[in-house]
$ cat protein-v7.cif   # mmCIF, C-alpha atoms
data_final
loop_
_atom_site.label_atom_id
_atom_site.label_comp_id
_atom_site.auth_asym_id
_atom_site.auth_seq_id
_atom_site.Cartn_x
_atom_site.Cartn_y
_atom_site.Cartn_z
CA MET A 697 2.13 -49.24 -17.28
CA SER A 698 3.22 -45.65 -16.94
CA LEU A 699 3.97 -43.56 -19.98
CA LYS A 700 7.09 -41.53 -20.36
CA LYS A 701 5.74 -38.89 -22.67
CA LYS A 702 2.26 -37.55 -23.09
CA VAL A 703 0.37 -39.40 -25.80
CA SER A 704 -1.75 -37.20 -28.04
CA MET A 705 -5.51 -37.41 -27.48
CA ALA A 706 -5.95 -38.27 -31.17
CA VAL A 707 -4.06 -41.51 -30.54
CA VAL A 708 -5.91 -42.13 -27.27
CA ARG A 709 -9.25 -41.73 -29.05
CA ARG A 710 -8.25 -44.50 -31.45
CA LEU A 711 -7.47 -46.97 -28.64
CA PRO A 712 -11.10 -48.03 -28.06
CA ARG A 713 -11.34 -48.79 -31.75
CA TYR A 714 -8.27 -51.04 -31.63
CA TYR A 715 -9.76 -52.67 -28.57
CA ARG A 716 -13.06 -53.39 -30.32
CA TYR A 717 -11.40 -54.80 -33.41
CA LEU A 718 -9.11 -57.00 -31.35
CA ALA A 719 -12.13 -58.26 -29.39
CA ASP A 720 -13.73 -59.25 -32.70
CA LEU A 721 -10.56 -61.07 -33.78
CA LEU A 722 -10.48 -62.96 -30.48
CA LYS A 723 -14.08 -64.03 -31.03
CA LEU A 724 -13.01 -65.39 -34.42
CA ASP A 725 -10.13 -67.30 -32.74
CA ILE A 726 -7.53 -65.31 -34.65
CA THR A 727 -4.40 -65.38 -32.50
CA ARG A 728 -2.00 -63.22 -34.46
CA ILE A 729 -2.28 -60.48 -37.06
CA SER A 730 0.07 -58.31 -39.10
CA SER A 731 -0.27 -54.55 -39.05
CA LYS A 732 -1.13 -54.84 -42.76
CA GLU A 733 -4.07 -57.18 -42.14
CA LEU A 734 -5.24 -55.10 -39.18
CA SER A 735 -4.93 -52.05 -41.39
CA MET A 736 -7.21 -53.55 -44.03
CA ARG A 737 -9.83 -54.53 -41.46
CA MET A 738 -9.82 -51.20 -39.69
CA GLY A 739 -9.33 -48.88 -42.64
CA ILE A 740 -6.32 -47.16 -41.07
CA THR A 741 -2.87 -47.27 -42.70
CA ALA A 742 -0.44 -49.88 -41.38
CA SER A 743 2.07 -47.14 -40.65
CA GLN A 744 -0.52 -45.28 -38.57
CA ILE A 745 -1.16 -48.46 -36.59
CA ARG A 746 2.55 -48.97 -35.95
CA GLN A 747 2.96 -45.33 -34.98
CA ASP A 748 -0.04 -45.42 -32.64
CA LEU A 749 1.06 -48.57 -30.87
CA ASN A 750 4.65 -47.37 -30.64
CA CYS A 751 3.41 -44.60 -28.35
CA PHE A 752 2.82 -47.33 -25.80
CA GLY A 753 5.94 -49.36 -26.44
CA GLY A 754 5.24 -51.24 -29.66
CA PHE A 755 3.91 -54.76 -28.95
CA GLY A 756 4.66 -56.00 -32.48
CA GLN A 757 7.40 -58.37 -33.56
CA GLN A 758 9.15 -58.13 -36.92
CA GLY A 759 7.92 -60.95 -39.16
CA TYR A 760 5.31 -62.12 -36.65
CA GLY A 761 2.96 -59.20 -36.32
CA TYR A 762 0.84 -58.78 -33.23
CA ASN A 763 -0.31 -61.38 -30.74
CA VAL A 764 -4.01 -60.56 -30.65
CA GLU A 765 -4.76 -61.56 -27.06
CA PHE A 766 -1.64 -59.89 -25.69
CA LEU A 767 -2.34 -56.66 -27.57
CA TYR A 768 -6.01 -56.74 -26.51
CA ASN A 769 -5.05 -57.11 -22.86
CA GLU A 770 -2.33 -54.48 -23.06
CA ILE A 771 -4.67 -51.92 -24.59
CA GLY A 772 -7.24 -52.79 -21.93
CA ASN A 773 -4.58 -52.19 -19.27
CA ILE A 774 -3.55 -48.88 -20.82
CA MET A 775 -7.18 -47.77 -20.63
CA GLY A 776 -7.35 -49.00 -17.04
CA LEU A 777 -10.22 -51.37 -17.80
CA ASN A 778 -8.86 -53.89 -15.31
CA ASN A 779 -9.61 -51.30 -12.60
CA ARG A 780 -13.24 -52.45 -12.93
CA TYR A 781 -14.42 -48.90 -12.50
CA GLN A 782 -17.57 -48.75 -10.35
CA THR A 783 -20.08 -46.50 -12.02
CA ILE A 784 -23.29 -44.71 -11.08
CA ILE A 785 -25.82 -42.99 -13.30
CA ILE A 786 -27.31 -39.70 -12.11
CA GLY A 787 -30.62 -38.96 -13.80
CA SER A 788 -32.84 -41.83 -14.88
CA GLY A 789 -34.74 -40.01 -17.62
CA HIS A 790 -34.80 -41.35 -21.16
CA MET A 791 -31.06 -41.19 -21.69
CA GLY A 792 -30.24 -42.47 -18.20
CA LYS A 793 -32.54 -45.42 -18.76
CA ALA A 794 -31.03 -46.14 -22.16
CA LEU A 795 -27.53 -46.05 -20.65
CA ALA A 796 -28.52 -48.31 -17.75
CA ASN A 797 -29.76 -50.81 -20.31
CA TYR A 798 -26.71 -50.54 -22.56
CA GLU A 799 -25.00 -53.88 -22.29
CA ASN A 800 -21.60 -52.90 -23.66
CA PHE A 801 -20.43 -50.95 -20.60
CA GLU A 802 -20.32 -54.00 -18.37
CA LYS A 803 -18.53 -55.89 -21.15
CA ARG A 804 -15.87 -53.15 -21.29
CA GLY A 805 -15.22 -53.37 -17.57
CA PHE A 806 -17.48 -50.64 -16.22
CA LYS A 807 -19.74 -51.94 -13.46
CA LEU A 808 -23.00 -50.09 -12.85
CA VAL A 809 -23.66 -50.12 -9.11
CA GLY A 810 -26.40 -47.55 -8.57
CA ILE A 811 -28.76 -45.06 -10.19
CA PHE A 812 -29.75 -41.75 -8.64
CA ASP A 813 -32.75 -39.57 -9.38
CA ILE A 814 -34.77 -36.78 -7.82
CA ASN A 815 -38.18 -38.03 -8.95
CA PRO A 816 -40.00 -39.78 -6.05
CA GLU A 817 -41.99 -41.85 -8.56
CA VAL A 818 -38.89 -43.74 -9.71
CA VAL A 819 -36.83 -43.73 -6.50
CA GLY A 820 -37.03 -47.13 -4.85
CA GLY A 821 -37.49 -48.87 -8.17
CA SER A 822 -34.75 -50.43 -10.25
CA ILE A 823 -33.45 -50.85 -13.78
CA LYS A 824 -32.00 -54.25 -14.66
CA ASP A 825 -31.64 -55.07 -10.95
CA ILE A 826 -29.81 -51.82 -10.27
CA GLN A 827 -31.50 -49.87 -7.51
CA ILE A 828 -32.64 -46.27 -8.03
CA TYR A 829 -31.79 -44.11 -5.00
CA HIS A 830 -32.79 -40.56 -4.16
CA ILE A 831 -30.13 -38.06 -5.18
CA ASP A 832 -30.13 -36.72 -1.61
CA THR A 833 -28.65 -40.01 -0.41
CA LEU A 834 -25.67 -39.75 -2.77
CA GLU A 835 -23.27 -38.44 -0.13
CA GLU A 836 -24.24 -41.25 2.25
CA TYR A 837 -23.97 -43.88 -0.49
CA VAL A 838 -20.46 -42.84 -1.43
CA LYS A 839 -19.34 -43.23 2.19
CA THR A 840 -19.93 -46.98 2.07
CA GLU A 841 -19.61 -47.83 -1.63
CA ARG A 842 -16.67 -47.16 -3.93
CA VAL A 843 -17.78 -44.98 -6.84
CA ASP A 844 -15.21 -44.24 -9.54
CA ILE A 845 -17.32 -42.76 -12.30
CA ALA A 846 -20.56 -40.81 -12.38
CA ILE A 847 -22.52 -40.74 -15.62
CA LEU A 848 -24.49 -37.51 -15.78
CA SER A 849 -27.78 -37.36 -17.66
CA VAL A 850 -29.60 -34.54 -15.93
CA PRO A 851 -31.32 -31.47 -17.39
CA TYR A 852 -29.24 -28.51 -18.56
CA GLU A 853 -29.91 -26.26 -15.55
CA GLN A 854 -28.95 -28.92 -13.02
CA THR A 855 -25.70 -29.93 -14.69
CA PRO A 856 -23.20 -27.61 -12.95
CA LEU A 857 -24.65 -28.17 -9.47
CA VAL A 858 -24.72 -31.95 -9.79
CA ALA A 859 -21.22 -31.99 -11.31
CA ASP A 860 -19.95 -29.92 -8.43
CA ARG A 861 -21.52 -32.31 -5.92
CA VAL A 862 -19.96 -35.28 -7.68
CA ALA A 863 -16.51 -33.69 -7.69
CA ARG A 864 -16.73 -32.77 -3.99
CA LEU A 865 -17.37 -36.43 -3.19
CA GLY A 866 -14.00 -37.36 -4.65
CA ILE A 867 -15.47 -39.29 -7.57
CA LYS A 868 -12.64 -39.42 -10.12
CA GLY A 869 -14.45 -39.52 -13.45
CA LEU A 870 -17.45 -37.84 -14.95
CA TRP A 871 -19.06 -38.91 -18.21
CA ASN A 872 -21.30 -36.04 -19.11
CA PHE A 873 -24.36 -36.69 -21.29
CA SER A 874 -26.01 -33.46 -20.29
CA PRO A 875 -26.39 -30.90 -23.05
CA MET A 876 -23.99 -28.55 -21.23
CA ASP A 877 -20.25 -28.89 -21.74
CA LEU A 878 -18.41 -29.07 -18.45
CA LYS A 879 -15.05 -27.42 -18.89
CA LEU A 880 -14.18 -26.19 -15.43
CA PRO A 881 -11.70 -28.19 -13.43
CA TYR A 882 -13.99 -29.47 -10.71
CA GLY A 883 -11.33 -30.54 -8.27
CA ASP A 884 -9.33 -33.45 -9.54
CA ILE A 885 -12.03 -35.00 -11.64
CA VAL A 886 -11.55 -36.19 -15.22
CA ILE A 887 -14.42 -35.15 -17.48
CA GLU A 888 -15.51 -36.59 -20.80
CA ASN A 889 -18.29 -34.64 -22.46
CA VAL A 890 -20.49 -36.58 -24.87
CA HIS A 891 -21.70 -34.88 -28.04
CA LEU A 892 -24.12 -37.27 -29.62
CA SER A 893 -24.98 -35.02 -32.52
CA ASP A 894 -21.33 -34.85 -33.65
CA GLY A 895 -21.70 -38.30 -35.22
CA LEU A 896 -24.89 -37.23 -36.95
CA MET A 897 -23.10 -34.18 -38.37
CA VAL A 898 -20.26 -36.37 -39.68
CA LEU A 899 -22.91 -38.52 -41.36
CA GLY A 900 -24.38 -35.34 -42.84
CA TYR A 901 -20.96 -34.34 -44.15
CA ASN A 902 -20.41 -37.70 -45.85
CA MET A 903 -23.90 -37.67 -47.37
CA ASN A 904 -23.36 -34.15 -48.65
CA GLN A 905 -20.01 -35.03 -50.24
CA LYS A 906 -21.56 -38.05 -51.95
CA MET A 907 -24.41 -35.93 -53.24
CA LEU A 908 -22.07 -33.24 -54.56
CA SER A 909 -19.80 -35.74 -56.29
CA SER A 910 -22.71 -37.61 -57.90
CA LYS A 911 -24.08 -34.29 -59.16
CA LYS A 912 -20.70 -33.54 -60.71
CA THR A 913 -20.41 -36.89 -62.46
CA GLY A 914 -24.06 -36.68 -63.49
CA ASP A 915 -25.07 -39.93 -61.73
CA MET B 1412 -19.16 -26.22 -52.09
CA SER B 1413 -17.38 -29.12 -53.71
CA LEU B 1414 -13.98 -30.21 -52.49
CA LYS B 1415 -11.10 -30.80 -54.84
CA LYS B 1416 -9.21 -33.26 -52.75
CA LYS B 1417 -10.40 -35.76 -50.21
CA VAL B 1418 -10.30 -34.35 -46.71
CA SER B 1419 -9.10 -36.76 -44.05
CA MET B 1420 -11.76 -38.12 -41.72
CA ALA B 1421 -9.73 -36.87 -38.74
CA VAL B 1422 -10.34 -33.32 -39.95
CA VAL B 1423 -13.99 -34.04 -40.76
CA ARG B 1424 -14.52 -35.40 -37.25
CA ARG B 1425 -13.32 -32.06 -35.84
CA LEU B 1426 -15.83 -30.04 -37.88
CA PRO B 1427 -18.79 -30.60 -35.50
CA ARG B 1428 -16.59 -29.36 -32.70
CA TYR B 1429 -15.75 -26.12 -34.55
CA TYR B 1430 -19.44 -25.79 -35.29
CA ARG B 1431 -20.41 -26.14 -31.62
CA TYR B 1432 -17.79 -23.67 -30.45
CA LEU B 1433 -18.78 -21.15 -33.10
CA ALA B 1434 -22.44 -21.52 -32.07
CA ASP B 1435 -21.39 -20.68 -28.50
CA LEU B 1436 -19.50 -17.60 -29.71
CA LEU B 1437 -22.53 -16.44 -31.68
CA LYS B 1438 -24.66 -16.79 -28.55
CA LEU B 1439 -22.16 -14.54 -26.77
CA ASP B 1440 -22.43 -11.99 -29.63
CA ILE B 1441 -18.77 -12.44 -30.52
CA THR B 1442 -18.51 -11.53 -34.20
CA ARG B 1443 -14.85 -12.20 -34.96
CA ILE B 1444 -12.11 -14.31 -33.49
CA SER B 1445 -8.44 -14.99 -34.16
CA SER B 1446 -7.20 -18.55 -34.60
CA LYS B 1447 -5.19 -17.97 -31.43
CA GLU B 1448 -8.26 -17.10 -29.34
CA LEU B 1449 -10.23 -19.96 -30.88
CA SER B 1450 -7.29 -22.20 -30.12
CA MET B 1451 -7.32 -21.28 -26.44
CA ARG B 1452 -11.05 -21.86 -26.15
CA MET B 1453 -11.00 -25.20 -27.95
CA GLY B 1454 -7.71 -26.58 -26.69
CA ILE B 1455 -6.38 -27.23 -30.21
CA THR B 1456 -3.26 -25.49 -31.53
CA ALA B 1457 -3.81 -22.42 -33.71
CA SER B 1458 -1.78 -24.03 -36.47
CA GLN B 1459 -4.04 -27.09 -36.37
CA ILE B 1460 -7.07 -24.83 -36.71
CA ARG B 1461 -5.56 -23.03 -39.70
CA GLN B 1462 -4.58 -26.33 -41.29
CA ASP B 1463 -8.04 -27.84 -40.74
CA LEU B 1464 -9.90 -24.88 -42.16
CA ASN B 1465 -7.50 -24.60 -45.08
CA CYS B 1466 -8.75 -28.01 -46.23
CA PHE B 1467 -11.99 -26.23 -47.07
CA GLY B 1468 -10.52 -23.06 -48.51
CA GLY B 1469 -9.40 -21.08 -45.49
CA PHE B 1470 -12.03 -18.51 -44.44
CA GLY B 1471 -9.57 -16.50 -42.34
CA GLN B 1472 -8.13 -13.07 -43.13
CA GLN B 1473 -4.64 -12.00 -42.14
CA GLY B 1474 -4.86 -9.56 -39.24
CA TYR B 1475 -8.61 -9.95 -38.89
CA GLY B 1476 -9.10 -13.57 -37.95
CA TYR B 1477 -12.37 -15.31 -38.62
CA ASN B 1478 -15.81 -13.85 -39.02
CA VAL B 1479 -17.71 -16.06 -36.59
CA GLU B 1480 -21.09 -16.09 -38.31
CA PHE B 1481 -19.60 -16.60 -41.76
CA LEU B 1482 -17.40 -19.46 -40.57
CA TYR B 1483 -20.32 -21.02 -38.66
CA ASN B 1484 -22.52 -20.94 -41.76
CA GLU B 1485 -19.75 -22.24 -44.02
CA ILE B 1486 -19.01 -25.20 -41.76
CA GLY B 1487 -22.74 -25.88 -41.58
CA ASN B 1488 -22.86 -25.85 -45.39
CA ILE B 1489 -19.87 -28.17 -45.66
CA MET B 1490 -21.68 -30.62 -43.39
CA GLY B 1491 -24.80 -30.21 -45.49
CA LEU B 1492 -26.86 -29.04 -42.52
CA ASN B 1493 -28.81 -26.68 -44.75
CA ASN B 1494 -30.17 -29.79 -46.49
CA ARG B 1495 -32.52 -30.09 -43.49
CA TYR B 1496 -32.12 -33.86 -43.55
CA GLN B 1497 -35.43 -35.58 -42.78
CA THR B 1498 -34.83 -38.31 -40.25
CA ILE B 1499 -36.66 -41.33 -38.92
CA ILE B 1500 -35.88 -43.49 -35.90
CA ILE B 1501 -36.31 -47.25 -36.22
CA GLY B 1502 -36.75 -48.93 -32.85
CA SER B 1503 -38.40 -47.00 -30.03
CA GLY B 1504 -36.83 -48.91 -27.15
CA HIS B 1505 -34.87 -47.11 -24.46
CA MET B 1506 -32.25 -45.70 -26.79
CA GLY B 1507 -34.77 -44.84 -29.52
CA LYS B 1508 -36.85 -42.97 -26.99
CA ALA B 1509 -33.81 -41.13 -25.63
CA LEU B 1510 -32.82 -40.11 -29.17
CA ALA B 1511 -36.34 -38.95 -30.03
CA ASN B 1512 -36.22 -36.74 -26.94
CA TYR B 1513 -32.73 -35.40 -27.65
CA GLU B 1514 -33.23 -31.76 -28.47
CA ASN B 1515 -29.91 -31.08 -30.15
CA PHE B 1516 -30.64 -32.93 -33.40
CA GLU B 1517 -33.34 -30.50 -34.48
CA LYS B 1518 -31.07 -27.63 -33.53
CA ARG B 1519 -28.35 -29.04 -35.81
CA GLY B 1520 -30.70 -29.23 -38.78
CA PHE B 1521 -31.93 -32.80 -38.53
CA LYS B 1522 -35.73 -33.00 -38.58
CA LEU B 1523 -37.33 -36.05 -36.99
CA VAL B 1524 -40.39 -36.94 -39.07
CA GLY B 1525 -41.37 -40.43 -37.91
CA ILE B 1526 -40.61 -43.31 -35.57
CA PHE B 1527 -41.01 -46.97 -36.48
CA ASP B 1528 -41.38 -49.97 -34.22
CA ILE B 1529 -42.58 -53.56 -34.33
CA ASN B 1530 -44.26 -53.53 -30.90
CA PRO B 1531 -48.06 -53.18 -31.27
CA GLU B 1532 -48.24 -51.64 -27.81
CA VAL B 1533 -46.35 -48.53 -28.88
CA VAL B 1534 -47.44 -48.30 -32.55
CA GLY B 1535 -50.06 -45.58 -32.94
CA GLY B 1536 -48.62 -43.62 -30.04
CA SER B 1537 -46.17 -40.77 -30.31
CA ILE B 1538 -43.05 -39.28 -28.76
CA LYS B 1539 -42.90 -35.48 -28.61
CA ASP B 1540 -45.67 -35.25 -31.25
CA ILE B 1541 -43.80 -37.58 -33.58
CA GLN B 1542 -46.00 -40.48 -34.60
CA ILE B 1543 -44.89 -44.09 -34.05
CA TYR B 1544 -45.70 -46.25 -37.10
CA HIS B 1545 -45.51 -50.00 -37.56
CA ILE B 1546 -42.25 -51.03 -39.21
CA ASP B 1547 -44.27 -52.87 -41.87
CA THR B 1548 -45.54 -49.55 -43.16
CA LEU B 1549 -42.02 -48.21 -43.74
CA GLU B 1550 -42.00 -48.91 -47.48
CA GLU B 1551 -45.35 -47.16 -47.92
CA TYR B 1552 -44.28 -44.20 -45.77
CA VAL B 1553 -41.15 -43.62 -47.81
CA LYS B 1554 -43.22 -43.46 -51.01
CA THR B 1555 -44.96 -40.29 -49.85
CA GLU B 1556 -42.46 -38.73 -47.41
CA ARG B 1557 -38.84 -37.81 -48.06
CA VAL B 1558 -36.58 -39.69 -45.68
CA ASP B 1559 -32.86 -38.89 -45.81
CA ILE B 1560 -31.55 -40.57 -42.69
CA ALA B 1561 -32.62 -43.58 -40.66
CA ILE B 1562 -31.43 -43.84 -37.07
CA LEU B 1563 -31.20 -47.50 -36.13
CA SER B 1564 -31.72 -48.57 -32.55
CA VAL B 1565 -32.90 -52.15 -32.92
CA PRO B 1566 -31.66 -55.33 -31.22
CA TYR B 1567 -28.46 -57.01 -32.42
CA GLU B 1568 -30.13 -59.81 -34.39
CA GLN B 1569 -32.40 -57.49 -36.33
CA THR B 1570 -29.72 -55.01 -37.33
CA PRO B 1571 -28.59 -56.46 -40.71
CA LEU B 1572 -32.14 -57.11 -41.94
CA VAL B 1573 -33.42 -53.67 -41.01
CA ALA B 1574 -30.31 -52.00 -42.46
CA ASP B 1575 -30.83 -53.90 -45.70
CA ARG B 1576 -34.46 -52.78 -45.86
CA VAL B 1577 -33.46 -49.16 -45.24
CA ALA B 1578 -30.83 -49.27 -47.99
CA ARG B 1579 -33.23 -50.81 -50.52
CA LEU B 1580 -35.60 -47.91 -49.97
CA GLY B 1581 -32.97 -45.51 -51.20
CA ILE B 1582 -32.49 -43.83 -47.83
CA LYS B 1583 -29.07 -42.17 -48.09
CA GLY B 1584 -27.80 -42.17 -44.53
CA LEU B 1585 -27.82 -44.60 -41.66
CA TRP B 1586 -26.84 -43.70 -38.11
CA ASN B 1587 -26.39 -46.99 -36.41
CA PHE B 1588 -26.88 -47.22 -32.64
CA SER B 1589 -27.29 -50.97 -32.70
CA PRO B 1590 -24.53 -52.93 -31.00
CA MET B 1591 -23.52 -54.45 -34.36
CA ASP B 1592 -21.12 -52.58 -36.62
CA LEU B 1593 -22.45 -52.29 -40.14
CA LYS B 1594 -19.51 -52.38 -42.51
CA LEU B 1595 -20.99 -53.76 -45.72
CA PRO B 1596 -21.77 -51.33 -48.49
CA TYR B 1597 -25.53 -51.60 -48.48
CA GLY B 1598 -26.18 -50.03 -51.84
CA ASP B 1599 -25.22 -46.38 -51.90
CA ILE B 1600 -25.91 -45.65 -48.29
CA VAL B 1601 -23.54 -43.76 -45.99
CA ILE B 1602 -23.19 -45.41 -42.58
CA GLU B 1603 -22.03 -43.95 -39.30
CA ASN B 1604 -21.69 -46.51 -36.52
CA VAL B 1605 -22.01 -45.18 -32.98
CA HIS B 1606 -19.80 -46.62 -30.27
CA LEU B 1607 -21.02 -45.12 -27.05
CA SER B 1608 -18.56 -47.00 -24.87
CA ASP B 1609 -15.57 -45.52 -26.74
CA GLY B 1610 -16.02 -42.29 -24.80
CA LEU B 1611 -16.22 -44.19 -21.55
CA MET B 1612 -12.98 -45.98 -22.39
CA VAL B 1613 -11.24 -42.68 -23.14
CA LEU B 1614 -12.43 -41.48 -19.73
CA GLY B 1615 -11.01 -44.68 -18.24
CA TYR B 1616 -7.67 -44.00 -19.96
CA ASN B 1617 -7.45 -40.46 -18.61
CA MET B 1618 -8.39 -41.57 -15.09
CA ASN B 1619 -5.80 -44.33 -15.24
CA GLN B 1620 -3.04 -41.95 -16.39
CA LYS B 1621 -3.92 -39.54 -13.60
CA MET B 1622 -3.83 -42.33 -11.03
CA LEU B 1623 -0.49 -43.64 -12.30
CA SER B 1624 1.11 -40.20 -12.29
CA SER B 1625 -0.15 -39.37 -8.79
CA LYS B 1626 1.21 -42.70 -7.55
CA LYS B 1627 4.58 -41.82 -9.03
CA THR B 1628 4.71 -38.39 -7.46
CA GLY B 1629 3.38 -39.82 -4.21
CA ASP B 1630 0.31 -37.57 -4.11
#

$ encode --input "protein-v7.cif" --output "structure tokens"
Amino acid sequence: MSLKKKVSMAVVRRLPRYYRYLADLLKLDITRISSKELSMRMGITASQIRQDLNCFGGFGQQGYGYNVEFLYNEIGNIMGLNNRYQTIIIGSGHMGKALANYENFEKRGFKLVGIFDINPEVVGGSIKDIQIYHIDTLEEYVKTERVDIAILSVPYEQTPLVADRVARLGIKGLWNFSPMDLKLPYGDIVIENVHLSDGLMVLGYNMNQKMLSSKKTGD
Amino acid sequence: MSLKKKVSMAVVRRLPRYYRYLADLLKLDITRISSKELSMRMGITASQIRQDLNCFGGFGQQGYGYNVEFLYNEIGNIMGLNNRYQTIIIGSGHMGKALANYENFEKRGFKLVGIFDINPEVVGGSIKDIQIYHIDTLEEYVKTERVDIAILSVPYEQTPLVADRVARLGIKGLWNFSPMDLKLPYGDIVIENVHLSDGLMVLGYNMNQKMLSSKKTGD
């Protein structure tokens, strides 16, 4: 499905959340849901839900609500999950290892096909049956295997060089866990920078607000 | 600083981003910035920036812009980062280990004070000088040490029980990396669920849009 007008990233960032909630509904054998019910489950207003989904053509029917499976599949399609993106991890340190072991990626349609590292002690080994190759064989690997996404978890100093190498290979997506934001347009590549501590800061905000309001009410 | 009206979570979720960008400016010795310049750096509209910051009282001055250090400190205060939240990690598996080694948390004002696990093979050891204790000693530990936040990275089945235990101890914040969403109000605790694969799905969306548009234009 191609979109006529550019959808705001705020809406796009809510899509995975819809997708997760719809997956939960499917597990519970719920086949249809109103925007009101979905709104209560997700803690977003029903009008926000309708507005968000209208960006992609609607999907709801007056008086019926949403068909859960249809909406789930459509949102999956919009996010390209049926492309079965083939993914590699570069850097098998702590974070790389944690990501290789994270079971949800496969479930969401991202297939881990290889892991690359520079450390001779780990090269030749494997994580969950996924082989660890030497980073110097990356160019060769990409010649014979389709790689759509590279997940980067390398040290700060190595980030720009590795990102550049990835982009030159024509890999289309880069999920960057390195502590350095990649902002430059490396060729045609789409970059998503991960900021783990953002979530922790939001938690800090909510704790602080709770503390301040309980002080005020004298709790 | 106490807020008169409830700020929308969409705005709150942008605060860490402002904070990161301001930290970068400080590193570059930039002392003041207009909302227009900040807008160009961050890729958010200047009017959005003004609107966001107005939720907390403004901070900008007509014709001057923002004082970078002042704004940085204020946003830090709003997020309660000066509380120097004391943090523990429960579960020292792959993700727990990766989080214990993640250097940005300390930088953002979150101090890791202890790690807890059930595995006798790791208990007694340490990660980056942080001791690993047996989970059964958690209650005792909390009696003598202040713990503000527990980071949960335990298997699916153990998530609700461990979360319940954490809440009963009066720990105020829970950052949940387990693959199970915690939605129940466990006492007074503030919960932030992490969904790592959301970022990957957003990447998938952007790659898919790029592919569709290049197909259309015949690139």

$ residues_around --input "protein-v7.cif" --residues "segment 783-794 of chain A" --least-positions-apart "4" --cutoff "9 Å" --atoms "all atoms listed in the file" --output "PyMOL selection string"
(chain A and resi 798+806-815+818+823+828+831+842-851+858+873) or (chain B and resi 1504-1510+1512-1513)

$ interface_residues --input "protein-v7.cif" --of "chain B" --to "chain A" --cutoff "6 Å" --atoms "only C-alpha atoms" --output "mmCIF file with C-alpha atoms, keeping the file's coordinate frame"
data_model
loop_
_atom_site.group_PDB
_atom_site.id
_atom_site.type_symbol
_atom_site.label_atom_id
_atom_site.label_comp_id
_atom_site.auth_asym_id
_atom_site.auth_seq_id
_atom_site.Cartn_x
_atom_site.Cartn_y
_atom_site.Cartn_z
ATOM 1 C CA PRO B 1427 -18.790 -30.600 -35.500
ATOM 2 C CA MET B 1490 -21.680 -30.620 -43.390
ATOM 3 C CA GLY B 1491 -24.800 -30.210 -45.490
ATOM 4 C CA HIS B 1505 -34.870 -47.110 -24.460
ATOM 5 C CA MET B 1506 -32.250 -45.700 -26.790
ATOM 6 C CA ALA B 1509 -33.810 -41.130 -25.630
ATOM 7 C CA GLU B 1603 -22.030 -43.950 -39.300
ATOM 8 C CA ASP B 1609 -15.570 -45.520 -26.740
ATOM 9 C CA LEU B 1614 -12.430 -41.480 -19.730
ATOM 10 C CA GLY B 1615 -11.010 -44.680 -18.240
ATOM 11 C CA TYR B 1616 -7.670 -44.000 -19.960
ATOM 12 C CA ASN B 1619 -5.800 -44.330 -15.240
#

$ atom_distance --input "protein-v7.cif" --atom1 "atom CA of Gly759 of chain A" --atom2 "atom CA of Gly739 of chain A"
21.3 Å

$ residues_around --input "protein-v7.cif" --residues "Arg1443 of chain B" --least-positions-apart "5" --cutoff "8 Å" --atoms "all atoms listed in the file" --output "list of chain:residue names"
B:Tyr1475, B:Gly1476, B:Tyr1477, B:Asn1478, B:Val1479

$ resolve_selection --input "protein-v7.cif" --expression "the PyMOL selection byres ((chain B and resi 1447-1449) around 10)" --output "PyMOL selection string"
chain B and resi 1429+1432-1433+1436+1443-1446+1450-1458+1460-1461+1476-1477

$ atom_distance --input "protein-v7.cif" --atom1 "atom CA of Asp1435 of chain B" --atom2 "atom CA of Lys1539 of chain B"
26.1 Å

$ atom_distance --input "protein-v7.cif" --atom1 "atom CA of Gly1468 of chain B" --atom2 "atom CA of Ser910 of chain A"
21.2 Å

$ residues_around --input "protein-v7.cif" --residues "Pro856 of chain A" --least-positions-apart "5" --cutoff "9 Å" --atoms "only C-alpha atoms" --output "PyMOL selection string"
chain A and resi 861+876+878

$ closest_residue --input "protein-v7.cif" --among "A:Glu765, A:Glu853, A:Asp877, A:Asp860" --to "Ile726 of chain A" --atoms "only C-alpha atoms"
A:Glu765
